[in-house]
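Chemist: The following block contains the structure, expressed as structure tokens.
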Number of protein chains: 2
Amino acid sequence: MFLAVDAGGTSTRAVVLDASGRVFGYGRAGGGNPTSAGVTEAVTAIGVAAGQAVSPVGHPRDRESVAVVAMAGEQGVAFVEQLTVRLAGLGFGRVTRQPDLLGVFHSGTPASQGYAMIAGTGTVAARVRDGRLERVVGGRGWLLGDAGSGFWIGHRVARAVVEALDGQGPATALTELVLSSLAIEAELSSPGGRIEAIRRMVSTVYARRPVQLSELAPLAFAAYDDPVARGILTAAAGALAELVATTRADDLAGPLVVGGSVMVNGVLAAPPELRQIALPNPAEVIPVSDGVVGAAVLALRAAGLTVDAALFHTLQSGVANSRQRVVGFAG
Amino acid sequence: MFLAVDAGGTSTRAVVLDASGRVFGYGRAGGGNPTSAGVTEAVTAIGVAAGQAVSPVGHPRDRESVAVVAMAGEQGVAFVEQLTVRLAGLGFGRVTRQPDLLGVFHSGTPASQGYAMIAGTGTVAARVRDGRLERVVGGRGWLLGDAGSGFWIGHRVARAVVEALDGQGPATALTELVLSSLAIEAELSSPGGRIEAIRRMVSTVYARRPVQLSELAPLAFAAYDDPVARGILTAAAGALAELVATTRADDLAGPLVVGGSVMVNGVLAAPPELRQIALPNPAEVIPVSDGVVGAAVLALRAAGLTVDAALFHTLQSGVANSRQRVVGFAG
């Protein structure tokens, strides 16, 4: 028995599988990243998702059973210790952590080389060679990096609305969408009403964490016909294309696996011209909804097993089926 | 006797003068804005500066003596009450507050119409008609506005350095300046050393308040010959020019008075091409170091006096002389 976990910033997914790639259980819980959720909360989320995944078959009897947890960032000693204890309690005595980028990459392909990009609240991309991350670019957070990310888009959306209200920038369909999303009622036909709208927007936005501006990013995709929104998205797609380009090596071919809400729900669902900017060679692009299949691939490989194309497809459909049984298609 | 105070985010200046524009004392203290410094600290700073200014002549005997405090933002009831009590204790029973933009404007001109721009940590501009602010643009803080500000420039400087270290952007002379300014020692000749430099930059920057990135803005002016720095400054100057342009009205001519560290120490000290972008018509531009002369103009006008060109120049040179006596030329 193997446990594979994809511990993300907003949700955590886990599956239990055997060496043949058969998936027995699926679990889902809240954010499992200690940096954003806190150590105890992250360990709890991972434990809850893993517990759900293991419940259909019971705890493995072999205390050396392998668990792989795919997650972003560096983790402290306290987190690693608590995680190890928690998963050992479920019967998984050998816990290893792997980068979320490898989880995403192997959720899209059994190949051992290629490229991966995650564009959600933040952005990061990597070149994968021989199953390892050879070069990672981006992922410096909302203040120092993450061009093209959900924060980056949402930040520009908010600024464009303030400028439109202020007369500094062109009118935009984003204004109504943003004010409504922030629950601000305003009389926009008068200068005084617009000044009041700005005042309320400023007090609302500064009262929240800056990174919450990423919640406005979907509005830009919703208003794609608006020139201001389209300008923001075109710039974001250009930044994402640059990010991927920075990871390219001439001697390394392979698919580009992409994940994250901006990429999967935004760019790939957007009109073709935007997809082309962000993904110069769309033929090679494989979108994935998360990294749990990849975590399963990494778990099997950690046990010395070979994951070929047939086993990979068994895994993929097994995860999809058990996920659908447990949480419905959207989960 | 009149008291005039310019209460800024990082320092507060005060002068005591009479109806003829003769300046008797000058005082200086820390940040006097309650939003950034806190109510008690702001009142204390204003009180200390005012106390220094009034000390050469003693407290006025007329309890109806006028004090004008020029400052940014809206102020709460607690601040206004404490300020009134504190200044009444110095003999100034009639305290009024005025926008910092009017203080800056009237520090440069006795005219009752024209334009004012402050570009320091933040940016804001206004059109002045009949001695009042008719239209104010900008000033929405680092997250929602302030294009071209110290924060805006410093933020781009930091991002450009991360991108240069990461291989995402071109090499830049800013890298060495920024790392040195953040006290980060790094071995930049190896990829591992550059990754370590990014890691330390990320942990340093996220440990501080975002707005402190404005401290990196002077480095861009220092590295003006570097194409990356010049690109950032050209974009900033363009944003400042746009800000001023948004306040223009066809029927209102008058000087543009500019203040703030980015404008006065940065743009105006920079090569001519940058000045031309930021200030399309430099003939009309009057730089001022702060708003204390303007606060004095407003104090005399609040008492019903007329401030003509002759009285204005008396005031200007009186403030300059008393400032120099107290804190030296730079203060």
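Lettering and numbering for the structure tokens are positional, with chains as A, B, ... in the shown order, residues counted from 1 in each chain, and ligands counted from 1 in the shown order.
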Give the alpha helix (DSSP H) residues of range 61-253 of chain B, as DSSP finds them on the backbone, and put them as an NGL selection string.

Modeler: :B and (77-88 or 100-108 or 141-144 or 150-166 or 174-181 or 191-207 or 217-222 or 227-247)

Chemist: Given the selection you just returned, output its residues as a file containing C-alpha atoms, formatted as an mmCIF file, in the first residue's frame.

Modeler:
```cif
data_model
loop_
_atom_site.group_PDB
_atom_site.id
_atom_site.type_symbol
_atom_site.label_atom_id
_atom_site.label_comp_id
_atom_site.auth_asym_id
_atom_site.auth_seq_id
_atom_site.Cartn_x
_atom_site.Cartn_y
_atom_site.Cartn_z
ATOM 1 C CA VAL B 77 -11.747 63.027 16.521
ATOM 2 C CA ALA B 78 -9.214 61.831 19.114
ATOM 3 C CA PHE B 79 -6.313 63.309 17.171
ATOM 4 C CA VAL B 80 -8.070 66.627 16.598
ATOM 5 C CA GLU B 81 -8.987 66.945 20.291
ATOM 6 C CA GLN B 82 -5.484 66.116 21.559
ATOM 7 C CA LEU B 83 -3.909 68.423 18.992
ATOM 8 C CA THR B 84 -6.196 71.308 19.992
ATOM 9 C CA VAL B 85 -5.393 70.883 23.693
ATOM 10 C CA ARG B 86 -1.660 70.633 23.028
ATOM 11 C CA LEU B 87 -1.470 73.757 20.870
ATOM 12 C CA ALA B 88 -3.811 75.707 23.169
ATOM 13 C CA ASP B 100 -0.679 68.958 2.806
ATOM 14 C CA LEU B 101 -1.120 69.666 -0.917
ATOM 15 C CA LEU B 102 -2.145 73.255 -0.116
ATOM 16 C CA GLY B 103 0.831 73.597 2.209
ATOM 17 C CA VAL B 104 3.146 72.505 -0.592
ATOM 18 C CA PHE B 105 1.405 74.691 -3.175
ATOM 19 C CA HIS B 106 1.647 77.836 -1.074
ATOM 20 C CA SER B 107 5.239 77.071 -0.164
ATOM 21 C CA GLY B 108 6.026 77.733 -3.824
ATOM 22 C CA GLY B 141 -1.374 54.123 -1.102
ATOM 23 C CA TRP B 142 1.195 51.602 -2.223
ATOM 24 C CA LEU B 143 -1.248 48.797 -3.038
ATOM 25 C CA LEU B 144 -3.875 50.663 -5.047
ATOM 26 C CA GLY B 150 9.186 55.906 -3.987
ATOM 27 C CA PHE B 151 7.429 52.619 -3.201
ATOM 28 C CA TRP B 152 6.605 52.054 -6.867
ATOM 29 C CA ILE B 153 10.224 52.637 -7.918
ATOM 30 C CA GLY B 154 11.712 50.621 -5.024
ATOM 31 C CA HIS B 155 9.329 47.725 -5.702
ATOM 32 C CA ARG B 156 10.429 47.576 -9.339
ATOM 33 C CA VAL B 157 14.072 47.861 -8.318
ATOM 34 C CA ALA B 158 13.737 44.850 -5.984
ATOM 35 C CA ARG B 159 11.880 42.789 -8.592
ATOM 36 C CA ALA B 160 14.439 43.642 -11.278
ATOM 37 C CA VAL B 161 17.240 42.429 -9.005
ATOM 38 C CA VAL B 162 15.449 39.129 -8.255
ATOM 39 C CA GLU B 163 14.865 38.640 -11.988
ATOM 40 C CA ALA B 164 18.492 39.406 -12.779
ATOM 41 C CA LEU B 165 19.691 36.915 -10.145
ATOM 42 C CA ASP B 166 17.166 34.366 -11.411
ATOM 43 C CA LEU B 174 21.148 47.602 -9.245
ATOM 44 C CA THR B 175 21.959 44.079 -8.003
ATOM 45 C CA GLU B 176 25.096 45.072 -6.126
ATOM 46 C CA LEU B 177 23.521 48.291 -4.820
ATOM 47 C CA VAL B 178 20.397 46.534 -3.526
ATOM 48 C CA LEU B 179 22.196 43.603 -1.899
ATOM 49 C CA SER B 180 24.595 45.995 -0.218
ATOM 50 C CA SER B 181 21.732 48.230 0.928
ATOM 51 C CA PRO B 191 24.334 29.746 -9.668
ATOM 52 C CA GLY B 192 24.126 28.439 -6.093
ATOM 53 C CA GLY B 193 25.346 31.784 -4.758
ATOM 54 C CA ARG B 194 22.727 33.650 -6.768
ATOM 55 C CA ILE B 195 19.960 31.338 -5.517
ATOM 56 C CA GLU B 196 21.160 31.933 -1.958
ATOM 57 C CA ALA B 197 21.134 35.697 -2.597
ATOM 58 C CA ILE B 198 17.506 35.504 -3.769
ATOM 59 C CA ARG B 199 16.587 33.393 -0.746
ATOM 60 C CA ARG B 200 18.075 35.962 1.629
ATOM 61 C CA MET B 201 16.521 38.854 -0.269
ATOM 62 C CA VAL B 202 13.099 37.199 -0.048
ATOM 63 C CA SER B 203 13.415 36.595 3.685
ATOM 64 C CA THR B 204 14.686 40.149 4.299
ATOM 65 C CA VAL B 205 12.014 41.917 2.241
ATOM 66 C CA TYR B 206 9.045 39.887 3.522
ATOM 67 C CA ALA B 207 10.184 40.475 7.112
ATOM 68 C CA ALA B 217 14.190 54.103 -4.754
ATOM 69 C CA PRO B 218 17.293 56.332 -4.410
ATOM 70 C CA LEU B 219 19.395 53.445 -5.778
ATOM 71 C CA ALA B 220 17.613 53.751 -9.126
ATOM 72 C CA PHE B 221 18.580 57.413 -9.376
ATOM 73 C CA ALA B 222 22.140 56.524 -8.294
ATOM 74 C CA PRO B 227 19.498 50.521 -18.667
ATOM 75 C CA VAL B 228 17.309 48.622 -16.158
ATOM 76 C CA ALA B 229 17.370 51.501 -13.652
ATOM 77 C CA ARG B 230 16.749 54.019 -16.411
ATOM 78 C CA GLY B 231 13.781 51.985 -17.673
ATOM 79 C CA ILE B 232 12.211 52.009 -14.201
ATOM 80 C CA LEU B 233 12.762 55.748 -13.782
ATOM 81 C CA THR B 234 11.456 56.576 -17.245
ATOM 82 C CA ALA B 235 8.285 54.633 -16.459
ATOM 83 C CA ALA B 236 8.004 56.422 -13.099
ATOM 84 C CA ALA B 237 8.488 59.832 -14.706
ATOM 85 C CA GLY B 238 5.813 58.926 -17.268
ATOM 86 C CA ALA B 239 3.409 57.967 -14.473
ATOM 87 C CA LEU B 240 4.090 61.268 -12.672
ATOM 88 C CA ALA B 241 3.492 63.208 -15.890
ATOM 89 C CA GLU B 242 0.184 61.355 -16.333
ATOM 90 C CA LEU B 243 -0.789 62.161 -12.763
ATOM 91 C CA VAL B 244 -0.246 65.885 -13.296
ATOM 92 C CA ALA B 245 -1.984 65.753 -16.681
ATOM 93 C CA THR B 246 -5.086 64.261 -15.033
ATOM 94 C CA THR B 247 -5.429 67.351 -12.815
#
```

Chemist: Residues within 8 Å of Thr121 in chain B, please, as a compact mmCIF listing (two decimals) with N, CA and C atoms, in the first residue's frame. Count only C-alpha atoms; anything in the same chain fewer than 2 positions from it doesn't count.

Modeler:
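Writing the result to part-v8.txt gives the following:
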```txt
# COMPACT_ATOMS: atom_id res chain seq x y z
N ALA B 119 5.51 63.83 -4.71
CA ALA B 119 5.95 62.48 -5.05
C ALA B 119 7.06 62.10 -4.09
N THR B 123 2.31 59.22 -4.05
CA THR B 123 2.15 60.32 -5.00
C THR B 123 0.73 60.85 -4.94
N SER B 149 5.78 56.61 -7.44
CA SER B 149 6.22 56.96 -6.09
C SER B 149 7.51 56.24 -5.70
N GLY B 150 8.02 56.60 -4.52
CA GLY B 150 9.19 55.91 -3.99
C GLY B 150 8.93 54.42 -3.82
N PHE B 151 7.75 54.04 -3.31
CA PHE B 151 7.43 52.62 -3.20
C PHE B 151 7.42 51.96 -4.58
N VAL B 211 5.92 48.77 2.40
CA VAL B 211 6.18 50.15 2.01
C VAL B 211 7.65 50.54 2.19
N SER B 214 10.30 51.42 -0.51
CA SER B 214 10.58 52.78 -1.02
C SER B 214 12.00 53.21 -0.69
N GLY B 260 8.31 66.50 -2.24
CA GLY B 260 8.49 65.06 -2.04
C GLY B 260 9.87 64.62 -2.49
N SER B 261 10.42 63.61 -1.81
CA SER B 261 11.81 63.21 -2.06
C SER B 261 12.04 62.70 -3.48
N VAL B 262 11.09 61.95 -4.03
CA VAL B 262 11.29 61.42 -5.39
C VAL B 262 11.38 62.57 -6.39
```

Chemist: Nearest residue to Asp130 in chain A out of A:Ala147, A:Ala183, A:Leu252, A:Leu188, using only C-alpha atoms?

Modeler: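 Distance minimum relative to Asp130 in chain A lands on A:Leu252.
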
Chemist: Do a neighbour search on Val267 in chain A at 8 Å with only C-alpha atoms, toss out local chain neighbours closer than 6 positions, and write the hits as a PDB file with all heavy atoms, in the first residue's frame.

Modeler:
```pdb
ATOM      1  N   ALA A 237      -0.247  36.791 -19.615  1.00  0.00           N
ATOM      2  CA  ALA A 237       0.111  35.651 -20.468  1.00  0.00           C
ATOM      3  C   ALA A 237       1.539  35.799 -20.983  1.00  0.00           C
ATOM      4  O   ALA A 237       2.291  34.818 -21.073  1.00  0.00           O
ATOM      5  CB  ALA A 237      -0.883  35.531 -21.630  1.00  0.00           C
ATOM      6  N   LEU A 274      -4.854  34.309 -26.367  1.00  0.00           N
ATOM      7  CA  LEU A 274      -4.227  34.386 -25.048  1.00  0.00           C
ATOM      8  C   LEU A 274      -3.454  33.096 -24.753  1.00  0.00           C
ATOM      9  O   LEU A 274      -2.342  33.130 -24.218  1.00  0.00           O
ATOM     10  CB  LEU A 274      -5.293  34.620 -23.972  1.00  0.00           C
ATOM     11  CG  LEU A 274      -4.772  35.071 -22.610  1.00  0.00           C
ATOM     12  CD1 LEU A 274      -4.100  36.423 -22.714  1.00  0.00           C
ATOM     13  CD2 LEU A 274      -5.910  35.145 -21.605  1.00  0.00           C
ATOM     14  N   ARG A 275      -4.048  31.972 -25.112  1.00  0.00           N
ATOM     15  CA  ARG A 275      -3.348  30.694 -24.909  1.00  0.00           C
ATOM     16  C   ARG A 275      -2.030  30.672 -25.681  1.00  0.00           C
ATOM     17  O   ARG A 275      -1.016  30.182 -25.197  1.00  0.00           O
ATOM     18  CB  ARG A 275      -4.223  29.534 -25.387  1.00  0.00           C
ATOM     19  CG  ARG A 275      -5.486  29.357 -24.593  1.00  0.00           C
ATOM     20  CD  ARG A 275      -5.989  27.919 -24.693  1.00  0.00           C
ATOM     21  NE  ARG A 275      -6.477  27.560 -26.013  1.00  0.00           N
ATOM     22  CZ  ARG A 275      -7.709  27.831 -26.451  1.00  0.00           C
ATOM     23  NH1 ARG A 275      -8.557  28.484 -25.681  1.00  0.00           N
ATOM     24  NH2 ARG A 275      -8.087  27.453 -27.654  1.00  0.00           N
ATOM     25  N   ALA A 278       0.707  32.627 -23.875  1.00  0.00           N
ATOM     26  CA  ALA A 278       1.211  31.987 -22.661  1.00  0.00           C
ATOM     27  C   ALA A 278       1.915  30.677 -22.961  1.00  0.00           C
ATOM     28  O   ALA A 278       2.828  30.275 -22.243  1.00  0.00           O
ATOM     29  CB  ALA A 278       0.067  31.755 -21.679  1.00  0.00           C
TER      30      ALA A 278
END
```

Chemist: I'd like the neighbourhood of Ala70 in chain A as a list in words, where a residue qualifies if any of its atoms comes within 8 Å (using only C-alpha atoms), though same-chain residues fewer than 2 positions away should be ignored.

Modeler: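 These residues fall inside the cut-off: Ala4, Val5, Asp6, Ala7, Val68, Ala72, Arg97, Gln98, Pro99, Asp100, Leu102, Gly103, Gly291, Val292 and Ala295 of chain A.
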
Chemist: Determine, counting only C-alpha atoms, which protein, DNA and RNA residues have an atom within 12 Å of an atom of Ala303 in chain B; residues of the same chain fewer than 2 positions away are not included. Present the result as a list in words.

Modeler: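 Contacts, with the query itself left out: Met1, Phe2, Leu3, Asp18, Ala19, Glu64, Ser65, Val66, Ala67, Val68, Arg94, Val95, Thr96, Ala296, Val297, Leu298, Ala299, Leu300, Arg301, Leu305, Thr306 and Val307 of chain B.
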
Chemist: Using only C-alpha atoms, find the one residue out of A:Val136, A:Val23, A:Val16, A:Ala29 that sits nearest to chain B.

Modeler: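 Nearest candidate to chain B out of A:Val136, A:Val23, A:Val16, A:Ala29: A:Val136.
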